[in-house]
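**Q** Sending over a structure as structure tokens; questions will come in a sec.
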Amino acid sequence: MNRGVSTLEARIADAADGWRLDRALADALPTLSRERIKALISTGNVTGPDGLIRDPKKKAPGGALFTLNVPEPEPAHNEAQDIALTVVFEDEHLIVIDKQAGLVVHPAAGNFDGTLVNALLHHCQGSLSGIGGVARPGIVHRIDKDTSGLMVAAKTDRAHVGLARQFKDHSIDRRYQAIVSGRPKTSGGSVDAPLARSPQNRKKIAIQPGGKRAVTHWTLVKPLHEAALVECRLETGRTHQVRVHMASLGHPLLGDPVYGRTKKEHREVLETLGFHRQALHAARLGFIHPIHSHALAFDSEMPADMQELMANLIV
């Protein structure tokens, strides 16, 4: 190991023979994102049987051994950036925003700027609670990059502590709209299944004995063509909870690239609409104001891309 650089070795799985090199290496090294590996290849930090490689699209030979020199990531500096936000509510203690799909919540490897945190620092002029750590000031919960909808962030440490307690106590009212593949045979139900990192793929979440308890209550809202609109009320708030729980019922979210497979009945409409994200929207957020103790509740209309998708699936 050189100072500031880690050397990793990765052997391409036989099943990954012929894949793009960045994809095959990401499969072999789940601790590194595909974007990070792509950058390492492009900057001359990856060597293989034929020497130095700079093309992430190069076909990967199954069984081949590759060496990656991984420089230590530069720390995120959380610069304020003028990124458009839809503010639903704001006072001196907290802010509720309606996050657009595609916006990462906080800086991390591969996304050091252009995040919700950067946008909030600009909007709030630096006045966000730092109790959650320097990398994500003000953030008490998050939703996935490609999920749209309501989030709350703390502007003071007192608000941060009060909101975090409500999330820990599972007293927050969180309801999601999801368009799922297939039609449920019942009008609703609950999934009580623990979630943890998948031992087979660390980038995925799976139902695992010994994982954190996760409970999702779902209701059928509208049957669609080989699909359905459902509302999911979260009793807990685990990473990828709705996506994993609905997939466990045989109804993965449409457009979900990780936990679902697109049915042939939906492939054409998804491609035509250019819909390339999980069809999931955080539609309702309710909580007790952590300082003033009165109840707050907010609703967000389904975004245009999901409305268009649903319109094309109406029976």
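Ligands are numbered from 1 in the order shown, chains are lettered A, B, ... in the order of the structure tokens, and residues start at 1 in each chain.
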For the structure I just gave you, how does DSSP split region 140-294 of chain A - specifically, which residues are alpha helix (DSSP H)? Reply as a PDB file with all heavy atoms, in the first residue's frame.
**A**
ATOM      1  N   ASP A 157     -30.140  22.486  16.255  1.00  0.00           N
ATOM      2  CA  ASP A 157     -29.859  21.225  16.936  1.00  0.00           C
ATOM      3  C   ASP A 157     -31.052  20.739  17.756  1.00  0.00           C
ATOM      4  O   ASP A 157     -31.319  19.533  17.837  1.00  0.00           O
ATOM      5  CB  ASP A 157     -28.625  21.366  17.838  1.00  0.00           C
ATOM      6  CG  ASP A 157     -27.330  21.466  17.043  1.00  0.00           C
ATOM      7  OD1 ASP A 157     -27.387  21.298  15.809  1.00  0.00           O
ATOM      8  OD2 ASP A 157     -26.274  21.709  17.653  1.00  0.00           O
ATOM      9  N   ARG A 158     -31.790  21.656  18.378  1.00  0.00           N
ATOM     10  CA  ARG A 158     -32.976  21.255  19.152  1.00  0.00           C
ATOM     11  C   ARG A 158     -34.002  20.585  18.254  1.00  0.00           C
ATOM     12  O   ARG A 158     -34.600  19.558  18.620  1.00  0.00           O
ATOM     13  CB  ARG A 158     -33.609  22.479  19.828  1.00  0.00           C
ATOM     14  CG  ARG A 158     -32.885  22.977  21.076  1.00  0.00           C
ATOM     15  CD  ARG A 158     -33.665  24.138  21.690  1.00  0.00           C
ATOM     16  NE  ARG A 158     -34.989  23.717  22.144  1.00  0.00           N
ATOM     17  CZ  ARG A 158     -36.031  24.542  22.254  1.00  0.00           C
ATOM     18  NH1 ARG A 158     -35.912  25.830  21.911  1.00  0.00           N
ATOM     19  NH2 ARG A 158     -37.193  24.090  22.694  1.00  0.00           N
ATOM     20  N   ALA A 159     -34.221  21.158  17.090  1.00  0.00           N
ATOM     21  CA  ALA A 159     -35.168  20.553  16.149  1.00  0.00           C
ATOM     22  C   ALA A 159     -34.659  19.195  15.673  1.00  0.00           C
ATOM     23  O   ALA A 159     -35.441  18.246  15.513  1.00  0.00           O
ATOM     24  CB  ALA A 159     -35.387  21.484  14.963  1.00  0.00           C
ATOM     25  N   HIS A 160     -33.352  19.116  15.444  1.00  0.00           N
ATOM     26  CA  HIS A 160     -32.760  17.855  14.974  1.00  0.00           C
ATOM     27  C   HIS A 160     -33.002  16.738  15.988  1.00  0.00           C
ATOM     28  O   HIS A 160     -33.434  15.636  15.634  1.00  0.00           O
ATOM     29  CB  HIS A 160     -31.254  18.052  14.747  1.00  0.00           C
ATOM     30  CG  HIS A 160     -30.635  17.014  13.875  1.00  0.00           C
ATOM     31  ND1 HIS A 160     -29.827  17.312  12.811  1.00  0.00           N
ATOM     32  CD2 HIS A 160     -30.714  15.663  13.884  1.00  0.00           C
ATOM     33  CE1 HIS A 160     -29.437  16.209  12.221  1.00  0.00           C
ATOM     34  NE2 HIS A 160     -29.960  15.189  12.866  1.00  0.00           N
ATOM     35  N   VAL A 161     -32.739  17.030  17.268  1.00  0.00           N
ATOM     36  CA  VAL A 161     -32.932  16.028  18.315  1.00  0.00           C
ATOM     37  C   VAL A 161     -34.400  15.613  18.407  1.00  0.00           C
ATOM     38  O   VAL A 161     -34.731  14.425  18.503  1.00  0.00           O
ATOM     39  CB  VAL A 161     -32.434  16.572  19.673  1.00  0.00           C
ATOM     40  CG1 VAL A 161     -32.846  15.642  20.817  1.00  0.00           C
ATOM     41  CG2 VAL A 161     -30.920  16.741  19.654  1.00  0.00           C
ATOM     42  N   GLY A 162     -35.302  16.603  18.355  1.00  0.00           N
ATOM     43  CA  GLY A 162     -36.731  16.306  18.465  1.00  0.00           C
ATOM     44  C   GLY A 162     -37.268  15.494  17.300  1.00  0.00           C
ATOM     45  O   GLY A 162     -38.059  14.558  17.492  1.00  0.00           O
ATOM     46  N   LEU A 163     -36.841  15.827  16.089  1.00  0.00           N
ATOM     47  CA  LEU A 163     -37.275  15.066  14.914  1.00  0.00           C
ATOM     48  C   LEU A 163     -36.687  13.657  14.925  1.00  0.00           C
ATOM     49  O   LEU A 163     -37.380  12.675  14.627  1.00  0.00           O
ATOM     50  CB  LEU A 163     -36.874  15.803  13.634  1.00  0.00           C
ATOM     51  CG  LEU A 163     -37.660  17.066  13.300  1.00  0.00           C
ATOM     52  CD1 LEU A 163     -36.990  17.835  12.162  1.00  0.00           C
ATOM     53  CD2 LEU A 163     -39.107  16.736  12.927  1.00  0.00           C
ATOM     54  N   ALA A 164     -35.401  13.555  15.265  1.00  0.00           N
ATOM     55  CA  ALA A 164     -34.748  12.248  15.293  1.00  0.00           C
ATOM     56  C   ALA A 164     -35.440  11.317  16.287  1.00  0.00           C
ATOM     57  O   ALA A 164     -35.586  10.109  16.031  1.00  0.00           O
ATOM     58  CB  ALA A 164     -33.274  12.412  15.648  1.00  0.00           C
ATOM     59  N   ARG A 165     -35.897  11.882  17.404  1.00  0.00           N
ATOM     60  CA  ARG A 165     -36.597  11.057  18.400  1.00  0.00           C
ATOM     61  C   ARG A 165     -37.895  10.509  17.816  1.00  0.00           C
ATOM     62  O   ARG A 165     -38.247   9.342  18.035  1.00  0.00           O
ATOM     63  CB  ARG A 165     -36.885  11.883  19.653  1.00  0.00           C
ATOM     64  CG  ARG A 165     -37.537  11.072  20.777  1.00  0.00           C
ATOM     65  CD  ARG A 165     -37.803  11.928  22.003  1.00  0.00           C
ATOM     66  NE  ARG A 165     -36.548  12.441  22.559  1.00  0.00           N
ATOM     67  CZ  ARG A 165     -36.219  13.723  22.611  1.00  0.00           C
ATOM     68  NH1 ARG A 165     -37.064  14.643  22.126  1.00  0.00           N
ATOM     69  NH2 ARG A 165     -35.083  14.113  23.144  1.00  0.00           N
ATOM     70  N   GLN A 166     -38.622  11.317  17.058  1.00  0.00           N
ATOM     71  CA  GLN A 166     -39.876  10.852  16.466  1.00  0.00           C
ATOM     72  C   GLN A 166     -39.629   9.764  15.415  1.00  0.00           C
ATOM     73  O   GLN A 166     -40.398   8.799  15.323  1.00  0.00           O
ATOM     74  CB  GLN A 166     -40.631  12.025  15.841  1.00  0.00           C
ATOM     75  CG  GLN A 166     -41.147  13.029  16.865  1.00  0.00           C
ATOM     76  CD  GLN A 166     -41.893  14.182  16.229  1.00  0.00           C
ATOM     77  OE1 GLN A 166     -42.908  13.979  15.562  1.00  0.00           O
ATOM     78  NE2 GLN A 166     -41.386  15.400  16.427  1.00  0.00           N
ATOM     79  N   PHE A 167     -38.563   9.922  14.638  1.00  0.00           N
ATOM     80  CA  PHE A 167     -38.238   8.873  13.674  1.00  0.00           C
ATOM     81  C   PHE A 167     -37.860   7.579  14.391  1.00  0.00           C
ATOM     82  O   PHE A 167     -38.257   6.487  13.981  1.00  0.00           O
ATOM     83  CB  PHE A 167     -37.106   9.327  12.747  1.00  0.00           C
ATOM     84  CG  PHE A 167     -37.567  10.177  11.602  1.00  0.00           C
ATOM     85  CD1 PHE A 167     -37.484  11.558  11.658  1.00  0.00           C
ATOM     86  CD2 PHE A 167     -38.097   9.602  10.452  1.00  0.00           C
ATOM     87  CE1 PHE A 167     -37.921  12.356  10.610  1.00  0.00           C
ATOM     88  CE2 PHE A 167     -38.536  10.381   9.389  1.00  0.00           C
ATOM     89  CZ  PHE A 167     -38.454  11.759   9.465  1.00  0.00           C
ATOM     90  N   LYS A 168     -37.101   7.704  15.481  1.00  0.00           N
ATOM     91  CA  LYS A 168     -36.700   6.527  16.251  1.00  0.00           C
ATOM     92  C   LYS A 168     -37.906   5.842  16.875  1.00  0.00           C
ATOM     93  O   LYS A 168     -37.978   4.606  16.959  1.00  0.00           O
ATOM     94  CB  LYS A 168     -35.700   6.924  17.341  1.00  0.00           C
ATOM     95  CG  LYS A 168     -35.169   5.748  18.149  1.00  0.00           C
ATOM     96  CD  LYS A 168     -34.145   6.203  19.183  1.00  0.00           C
ATOM     97  CE  LYS A 168     -33.617   5.018  19.984  1.00  0.00           C
ATOM     98  NZ  LYS A 168     -32.613   5.445  21.003  1.00  0.00           N
ATOM     99  N   GLN A 241     -36.954   0.067   1.983  1.00  0.00           N
ATOM    100  CA  GLN A 241     -37.989  -0.762   2.605  1.00  0.00           C
ATOM    101  C   GLN A 241     -39.159  -1.075   1.681  1.00  0.00           C
ATOM    102  O   GLN A 241     -39.533  -2.245   1.507  1.00  0.00           O
ATOM    103  CB  GLN A 241     -38.498  -0.089   3.878  1.00  0.00           C
ATOM    104  CG  GLN A 241     -39.614  -0.867   4.588  1.00  0.00           C
ATOM    105  CD  GLN A 241     -39.994  -0.254   5.914  1.00  0.00           C
ATOM    106  OE1 GLN A 241     -39.134   0.144   6.693  1.00  0.00           O
ATOM    107  NE2 GLN A 241     -41.294  -0.166   6.197  1.00  0.00           N
ATOM    108  N   VAL A 242     -39.757  -0.049   1.086  1.00  0.00           N
ATOM    109  CA  VAL A 242     -40.918  -0.282   0.217  1.00  0.00           C
ATOM    110  C   VAL A 242     -40.520  -1.152  -0.969  1.00  0.00           C
ATOM    111  O   VAL A 242     -41.242  -2.094  -1.343  1.00  0.00           O
ATOM    112  CB  VAL A 242     -41.510   1.056  -0.269  1.00  0.00           C
ATOM    113  CG1 VAL A 242     -42.585   0.814  -1.325  1.00  0.00           C
ATOM    114  CG2 VAL A 242     -42.094   1.842   0.895  1.00  0.00           C
ATOM    115  N   ARG A 243     -39.374  -0.869  -1.557  1.00  0.00           N
ATOM    116  CA  ARG A 243     -38.935  -1.597  -2.747  1.00  0.00           C
ATOM    117  C   ARG A 243     -38.738  -3.087  -2.447  1.00  0.00           C
ATOM    118  O   ARG A 243     -39.171  -3.945  -3.223  1.00  0.00           O
ATOM    119  CB  ARG A 243     -37.640  -0.968  -3.282  1.00  0.00           C
ATOM    120  CG  ARG A 243     -37.821   0.475  -3.714  1.00  0.00           C
ATOM    121  CD  ARG A 243     -36.499   1.200  -3.878  1.00  0.00           C
ATOM    122  NE  ARG A 243     -35.715   0.655  -4.993  1.00  0.00           N
ATOM    123  CZ  ARG A 243     -34.472   1.034  -5.273  1.00  0.00           C
ATOM    124  NH1 ARG A 243     -33.875   1.960  -4.522  1.00  0.00           N
ATOM    125  NH2 ARG A 243     -33.836   0.510  -6.297  1.00  0.00           N
ATOM    126  N   VAL A 244     -38.094  -3.394  -1.327  1.00  0.00           N
ATOM    127  CA  VAL A 244     -37.823  -4.792  -0.982  1.00  0.00           C
ATOM    128  C   VAL A 244     -39.091  -5.504  -0.539  1.00  0.00           C
ATOM    129  O   VAL A 244     -39.367  -6.634  -0.947  1.00  0.00           O
ATOM    130  CB  VAL A 244     -36.739  -4.881   0.104  1.00  0.00           C
ATOM    131  CG1 VAL A 244     -36.517  -6.332   0.535  1.00  0.00           C
ATOM    132  CG2 VAL A 244     -35.426  -4.286  -0.399  1.00  0.00           C
ATOM    133  N   HIS A 245     -39.897  -4.852   0.302  1.00  0.00           N
ATOM    134  CA  HIS A 245     -41.104  -5.495   0.801  1.00  0.00           C
ATOM    135  C   HIS A 245     -42.108  -5.773  -0.307  1.00  0.00           C
ATOM    136  O   HIS A 245     -42.700  -6.862  -0.352  1.00  0.00           O
ATOM    137  CB  HIS A 245     -41.734  -4.636   1.895  1.00  0.00           C
ATOM    138  CG  HIS A 245     -41.134  -4.867   3.255  1.00  0.00           C
ATOM    139  ND1 HIS A 245     -41.499  -4.145   4.373  1.00  0.00           N
ATOM    140  CD2 HIS A 245     -40.192  -5.745   3.678  1.00  0.00           C
ATOM    141  CE1 HIS A 245     -40.815  -4.571   5.423  1.00  0.00           C
ATOM    142  NE2 HIS A 245     -40.013  -5.540   5.024  1.00  0.00           N
ATOM    143  N   MET A 246     -42.320  -4.824  -1.206  1.00  0.00           N
ATOM    144  CA  MET A 246     -43.272  -5.077  -2.291  1.00  0.00           C
ATOM    145  C   MET A 246     -42.733  -6.150  -3.250  1.00  0.00           C
ATOM    146  O   MET A 246     -43.495  -6.980  -3.750  1.00  0.00           O
ATOM    147  CB  MET A 246     -43.588  -3.779  -3.042  1.00  0.00           C
ATOM    148  CG  MET A 246     -44.380  -2.755  -2.220  1.00  0.00           C
ATOM    149  SD  MET A 246     -45.875  -3.412  -1.403  1.00  0.00           S
ATOM    150  CE  MET A 246     -46.861  -3.924  -2.821  1.00  0.00           C
ATOM    151  N   ALA A 247     -41.429  -6.146  -3.484  1.00  0.00           N
ATOM    152  CA  ALA A 247     -40.844  -7.199  -4.333  1.00  0.00           C
ATOM    153  C   ALA A 247     -41.020  -8.567  -3.678  1.00  0.00           C
ATOM    154  O   ALA A 247     -41.229  -9.575  -4.364  1.00  0.00           O
ATOM    155  CB  ALA A 247     -39.370  -6.901  -4.582  1.00  0.00           C
ATOM    156  N   SER A 248     -40.969  -8.618  -2.345  1.00  0.00           N
ATOM    157  CA  SER A 248     -41.131  -9.904  -1.650  1.00  0.00           C
ATOM    158  C   SER A 248     -42.532 -10.468  -1.811  1.00  0.00           C
ATOM    159  O   SER A 248     -42.739 -11.678  -1.670  1.00  0.00           O
ATOM    160  CB  SER A 248     -40.807  -9.736  -0.158  1.00  0.00           C
ATOM    161  OG  SER A 248     -41.857  -9.077   0.544  1.00  0.00           O
ATOM    162  N   LYS A 264     -42.739  -7.924 -20.105  1.00  0.00           N
ATOM    163  CA  LYS A 264     -42.827  -7.533 -21.516  1.00  0.00           C
ATOM    164  C   LYS A 264     -44.015  -6.604 -21.749  1.00  0.00           C
ATOM    165  O   LYS A 264     -43.984  -5.760 -22.648  1.00  0.00           O
ATOM    166  CB  LYS A 264     -42.915  -8.761 -22.407  1.00  0.00           C
ATOM    167  CG  LYS A 264     -44.131  -9.644 -22.173  1.00  0.00           C
ATOM    168  CD  LYS A 264     -44.114 -10.849 -23.105  1.00  0.00           C
ATOM    169  CE  LYS A 264     -45.336 -11.735 -22.895  1.00  0.00           C
ATOM    170  NZ  LYS A 264     -45.327 -12.912 -23.795  1.00  0.00           N
ATOM    171  N   GLU A 265     -45.072  -6.738 -20.913  1.00  0.00           N
ATOM    172  CA  GLU A 265     -46.249  -5.880 -21.065  1.00  0.00           C
ATOM    173  C   GLU A 265     -45.926  -4.415 -20.745  1.00  0.00           C
ATOM    174  O   GLU A 265     -46.647  -3.513 -21.170  1.00  0.00           O
ATOM    175  CB  GLU A 265     -47.384  -6.349 -20.131  1.00  0.00           C
ATOM    176  CG  GLU A 265     -47.961  -7.706 -20.474  1.00  0.00           C
ATOM    177  CD  GLU A 265     -47.248  -8.837 -19.753  1.00  0.00           C
ATOM    178  OE1 GLU A 265     -46.111  -8.615 -19.259  1.00  0.00           O
ATOM    179  OE2 GLU A 265     -47.820  -9.932 -19.688  1.00  0.00           O
ATOM    180  N   HIS A 266     -44.862  -4.177 -19.990  1.00  0.00           N
ATOM    181  CA  HIS A 266     -44.523  -2.819 -19.562  1.00  0.00           C
ATOM    182  C   HIS A 266     -43.292  -2.256 -20.251  1.00  0.00           C
ATOM    183  O   HIS A 266     -43.047  -1.059 -20.182  1.00  0.00           O
ATOM    184  CB  HIS A 266     -44.293  -2.797 -18.046  1.00  0.00           C
ATOM    185  CG  HIS A 266     -45.466  -3.266 -17.247  1.00  0.00           C
ATOM    186  ND1 HIS A 266     -45.352  -4.058 -16.119  1.00  0.00           N
ATOM    187  CD2 HIS A 266     -46.795  -3.054 -17.418  1.00  0.00           C
ATOM    188  CE1 HIS A 266     -46.551  -4.313 -15.627  1.00  0.00           C
ATOM    189  NE2 HIS A 266     -47.446  -3.719 -16.394  1.00  0.00           N
ATOM    190  N   ARG A 267     -42.520  -3.118 -20.889  1.00  0.00           N
ATOM    191  CA  ARG A 267     -41.229  -2.683 -21.437  1.00  0.00           C
ATOM    192  C   ARG A 267     -41.398  -1.550 -22.445  1.00  0.00           C
ATOM    193  O   ARG A 267     -40.681  -0.545 -22.393  1.00  0.00           O
ATOM    194  CB  ARG A 267     -40.521  -3.871 -22.089  1.00  0.00           C
ATOM    195  CG  ARG A 267     -39.063  -3.595 -22.470  1.00  0.00           C
ATOM    196  CD  ARG A 267     -38.366  -4.851 -22.926  1.00  0.00           C
ATOM    197  NE  ARG A 267     -38.296  -5.828 -21.845  1.00  0.00           N
ATOM    198  CZ  ARG A 267     -38.839  -7.050 -21.889  1.00  0.00           C
ATOM    199  NH1 ARG A 267     -39.497  -7.436 -22.971  1.00  0.00           N
ATOM    200  NH2 ARG A 267     -38.717  -7.878 -20.874  1.00  0.00           N
ATOM    201  N   GLU A 268     -42.357  -1.675 -23.345  1.00  0.00           N
ATOM    202  CA  GLU A 268     -42.520  -0.674 -24.394  1.00  0.00           C
ATOM    203  C   GLU A 268     -42.949   0.677 -23.823  1.00  0.00           C
ATOM    204  O   GLU A 268     -42.411   1.716 -24.207  1.00  0.00           O
ATOM    205  CB  GLU A 268     -43.538  -1.147 -25.431  1.00  0.00           C
ATOM    206  CG  GLU A 268     -43.699  -0.171 -26.588  1.00  0.00           C
ATOM    207  CD  GLU A 268     -44.658  -0.672 -27.662  1.00  0.00           C
ATOM    208  OE1 GLU A 268     -45.062  -1.857 -27.594  1.00  0.00           O
ATOM    209  OE2 GLU A 268     -45.011   0.121 -28.552  1.00  0.00           O
ATOM    210  N   VAL A 269     -43.908   0.662 -22.870  1.00  0.00           N
ATOM    211  CA  VAL A 269     -44.382   1.937 -22.331  1.00  0.00           C
ATOM    212  C   VAL A 269     -43.294   2.629 -21.518  1.00  0.00           C
ATOM    213  O   VAL A 269     -43.136   3.859 -21.587  1.00  0.00           O
ATOM    214  CB  VAL A 269     -45.666   1.742 -21.490  1.00  0.00           C
ATOM    215  CG1 VAL A 269     -45.413   0.937 -20.230  1.00  0.00           C
ATOM    216  CG2 VAL A 269     -46.270   3.104 -21.121  1.00  0.00           C
ATOM    217  N   LEU A 270     -42.488   1.876 -20.774  1.00  0.00           N
ATOM    218  CA  LEU A 270     -41.400   2.473 -20.012  1.00  0.00           C
ATOM    219  C   LEU A 270     -40.362   3.097 -20.934  1.00  0.00           C
ATOM    220  O   LEU A 270     -39.867   4.202 -20.678  1.00  0.00           O
ATOM    221  CB  LEU A 270     -40.738   1.426 -19.112  1.00  0.00           C
ATOM    222  CG  LEU A 270     -41.574   0.929 -17.921  1.00  0.00           C
ATOM    223  CD1 LEU A 270     -40.849  -0.210 -17.209  1.00  0.00           C
ATOM    224  CD2 LEU A 270     -41.864   2.048 -16.942  1.00  0.00           C
ATOM    225  N   GLU A 271     -40.055   2.407 -22.023  1.00  0.00           N
ATOM    226  CA  GLU A 271     -39.078   2.940 -22.977  1.00  0.00           C
ATOM    227  C   GLU A 271     -39.628   4.161 -23.706  1.00  0.00           C
ATOM    228  O   GLU A 271     -38.926   5.149 -23.901  1.00  0.00           O
ATOM    229  CB  GLU A 271     -38.676   1.844 -23.977  1.00  0.00           C
ATOM    230  CG  GLU A 271     -37.799   0.759 -23.386  1.00  0.00           C
ATOM    231  CD  GLU A 271     -36.463   1.295 -22.902  1.00  0.00           C
ATOM    232  OE1 GLU A 271     -35.931   2.235 -23.532  1.00  0.00           O
ATOM    233  OE2 GLU A 271     -35.951   0.782 -21.886  1.00  0.00           O
ATOM    234  N   THR A 272     -40.881   4.083 -24.105  1.00  0.00           N
ATOM    235  CA  THR A 272     -41.495   5.198 -24.835  1.00  0.00           C
ATOM    236  C   THR A 272     -41.527   6.461 -23.980  1.00  0.00           C
ATOM    237  O   THR A 272     -41.264   7.566 -24.462  1.00  0.00           O
ATOM    238  CB  THR A 272     -42.925   4.833 -25.271  1.00  0.00           C
ATOM    239  OG1 THR A 272     -42.867   3.698 -26.145  1.00  0.00           O
ATOM    240  CG2 THR A 272     -43.587   5.989 -26.010  1.00  0.00           C
ATOM    241  N   LEU A 273     -41.841   6.289 -22.700  1.00  0.00           N
ATOM    242  CA  LEU A 273     -41.925   7.431 -21.793  1.00  0.00           C
ATOM    243  C   LEU A 273     -40.564   7.857 -21.256  1.00  0.00           C
ATOM    244  O   LEU A 273     -40.439   8.913 -20.642  1.00  0.00           O
ATOM    245  CB  LEU A 273     -42.851   7.105 -20.618  1.00  0.00           C
ATOM    246  CG  LEU A 273     -44.322   6.821 -20.943  1.00  0.00           C
ATOM    247  CD1 LEU A 273     -45.079   6.446 -19.677  1.00  0.00           C
ATOM    248  CD2 LEU A 273     -44.963   8.025 -21.611  1.00  0.00           C
TER     249      LEU A 273
END
**Q** Excluding Glu226 (chain A) and residues on its chain fewer than 6 positions from it, collect all residues at most 8 Å away from it, counting only C-alpha atoms, and give them as a list in words.
**A** Ser181, Gly182, Arg183 and Glu265 of chain A
